[in-house]
Amino acid sequence: MLITNNPRFKDYKPDYYDLKVIYMDVEPLEILKEARSYIQKGYKLLSHPLYGNFRAQEIFYRSIVVEESNEVDLLSLDLIEHSVNKIENILSKQNKRIATEKMLDDYSYIDFQIMRENMEGGMLHV
(Lines give C-alpha, C1' and ligand atoms only; values in the text may rest on other atoms or scores of the structure.)
Protein backbone atom coordinates (compact mmCIF):
# COMPACT_ATOMS: atom_id res chain seq x y z
CA MET A 1 0.00 0.00 0.00
CA LEU A 2 1.25 3.47 -0.90
CA ILE A 3 0.41 6.41 1.38
CA THR A 4 1.13 9.69 -0.36
CA ASN A 5 0.35 13.36 -0.78
CA ASN A 6 1.83 13.39 -4.27
CA PRO A 7 -0.93 14.08 -6.82
CA ARG A 8 1.02 12.19 -9.49
CA PHE A 9 0.02 8.98 -7.70
CA LYS A 10 -3.74 9.74 -7.63
CA ASP A 11 -4.48 7.59 -10.68
CA TYR A 12 -1.32 5.47 -10.65
CA LYS A 13 -1.94 1.86 -11.67
CA PRO A 14 1.20 -0.27 -12.02
CA ASP A 15 1.24 -2.85 -14.81
CA TYR A 16 2.76 -5.78 -12.95
CA TYR A 17 1.28 -5.76 -9.45
CA ASP A 18 -1.71 -4.64 -7.44
CA LEU A 19 -1.13 -1.50 -5.38
CA LYS A 20 -3.59 0.27 -3.15
CA VAL A 21 -2.92 4.01 -3.14
CA ILE A 22 -4.08 6.20 -0.28
CA TYR A 23 -3.85 9.77 -1.49
CA MET A 24 -4.21 12.55 1.07
CA ASP A 25 -4.06 16.27 0.29
CA VAL A 26 -2.02 17.08 3.41
CA GLU A 27 1.44 18.21 4.47
CA PRO A 28 4.22 15.58 4.30
CA LEU A 29 4.37 15.31 8.09
CA GLU A 30 0.77 14.10 8.05
CA ILE A 31 1.76 11.34 5.62
CA LEU A 32 4.38 10.18 8.11
CA LYS A 33 1.78 10.23 10.88
CA GLU A 34 -0.70 8.28 8.75
CA ALA A 35 1.98 5.68 8.01
CA ARG A 36 2.69 5.52 11.76
CA SER A 37 -0.97 4.75 12.45
CA TYR A 38 -0.85 1.85 9.96
CA ILE A 39 2.36 0.55 11.52
CA GLN A 40 0.74 0.65 14.96
CA LYS A 41 -2.06 -1.50 13.48
CA GLY A 42 0.38 -4.16 12.26
CA TYR A 43 1.82 -2.87 9.00
CA LYS A 44 5.53 -2.86 8.12
CA LEU A 45 7.55 -0.18 6.33
CA LEU A 46 8.89 -1.10 2.90
CA SER A 47 10.33 2.33 2.14
CA HIS A 48 12.33 4.63 4.35
CA PRO A 49 10.24 7.59 5.57
CA LEU A 50 13.06 10.06 4.91
CA TYR A 51 14.35 8.70 1.59
CA GLY A 52 16.17 11.00 -0.79
CA ASN A 53 18.70 13.67 -0.16
CA PHE A 54 16.19 16.36 0.88
CA ARG A 55 16.30 18.88 3.68
CA ALA A 56 13.08 19.15 5.67
CA GLN A 57 12.19 22.47 4.04
CA GLU A 58 12.45 20.76 0.63
CA ILE A 59 9.99 17.99 1.46
CA PHE A 60 6.67 18.97 -0.06
CA TYR A 61 5.69 15.48 -1.17
CA ARG A 62 6.14 12.26 0.73
CA SER A 63 5.22 8.75 -0.31
CA ILE A 64 5.57 5.74 1.95
CA VAL A 65 5.05 2.08 1.12
CA VAL A 66 3.80 -0.29 3.80
CA GLU A 67 2.55 -3.87 3.80
CA GLU A 68 0.41 -5.85 6.19
CA SER A 69 2.26 -7.87 8.79
CA ASN A 70 1.14 -10.35 11.42
CA GLU A 71 2.45 -8.20 14.25
CA VAL A 72 3.65 -4.72 15.09
CA ASP A 73 7.08 -4.37 13.50
CA LEU A 74 9.22 -2.67 16.14
CA LEU A 75 11.91 -1.61 13.64
CA SER A 76 9.28 0.09 11.47
CA LEU A 77 7.70 1.72 14.51
CA ASP A 78 11.04 3.02 15.75
CA LEU A 79 11.97 4.33 12.31
CA ILE A 80 8.68 6.13 11.72
CA GLU A 81 8.68 7.64 15.24
CA HIS A 82 12.24 8.90 14.73
CA SER A 83 11.28 10.36 11.34
CA VAL A 84 8.16 12.12 12.67
CA ASN A 85 10.12 13.59 15.58
CA LYS A 86 12.96 14.72 13.34
CA ILE A 87 10.68 16.51 10.86
CA GLU A 88 8.58 18.08 13.65
CA ASN A 89 11.72 19.37 15.34
CA ILE A 90 13.19 20.85 12.17
CA LEU A 91 9.94 22.43 10.98
CA SER A 92 9.24 23.98 14.39
CA LYS A 93 12.43 26.02 14.04
CA GLN A 94 11.74 27.31 10.53
CA ASN A 95 9.58 29.91 8.92
CA LYS A 96 6.84 28.91 6.51
CA ARG A 97 8.16 26.97 3.55
CA ILE A 98 7.69 28.61 0.16
CA ALA A 99 7.93 27.05 -3.28
CA THR A 100 6.98 28.15 -6.76
CA GLU A 101 4.68 26.01 -8.93
CA LYS A 102 7.73 24.92 -10.92
CA MET A 103 9.54 23.86 -7.75
CA LEU A 104 6.48 21.93 -6.55
CA ASP A 105 6.23 20.21 -9.92
CA ASP A 106 9.92 19.27 -9.71
CA TYR A 107 9.60 17.91 -6.16
CA SER A 108 6.50 15.97 -7.16
CA TYR A 109 8.30 14.48 -10.15
CA ILE A 110 11.34 13.47 -8.06
CA ASP A 111 9.19 11.79 -5.41
CA PHE A 112 7.16 10.00 -8.09
CA GLN A 113 10.21 8.76 -9.97
CA ILE A 114 12.05 7.54 -6.87
CA MET A 115 9.06 5.63 -5.56
CA ARG A 116 7.88 4.29 -8.91
CA GLU A 117 11.31 3.02 -9.92
CA ASN A 118 11.83 1.35 -6.56
CA MET A 119 8.37 -0.25 -6.53
CA GLU A 120 8.61 -1.47 -10.11
CA GLY A 121 12.20 -2.59 -9.66
CA GLY A 122 11.37 -4.56 -6.52
CA MET A 123 13.98 -2.63 -4.56
CA LEU A 124 11.84 -1.39 -1.68
CA HIS A 125 13.16 -2.15 1.77
CA VAL A 126 13.89 -0.32 5.00
# chains A, B, ... in the order shown; residues from 1 in each chain; ligands from 1
$ select_by_dssp --residues "chain A" --states "alpha helix (DSSP H)" --output "PyMOL selection string"
chain A and resi 28-40+74-92+101-120
$ residues_around --residues "Ala99 of chain A" --least-positions-apart "2" --cutoff "12 Å" --atoms "only C-alpha atoms" --output "PyMOL selection string"
chain A and resi 57-61+96-97+101-108
$ closest_residue --among "A:Leu29, A:Arg36, A:Leu74, A:Lys13" --to "Ser92 of chain A" --atoms "only C-alpha atoms"
A:Leu29
$ closest_residue --among "A:Asn118, A:Ser47, A:Gln113, A:Asn6" --to "Ile80 of chain A" --atoms "only C-alpha atoms"
A:Ser47
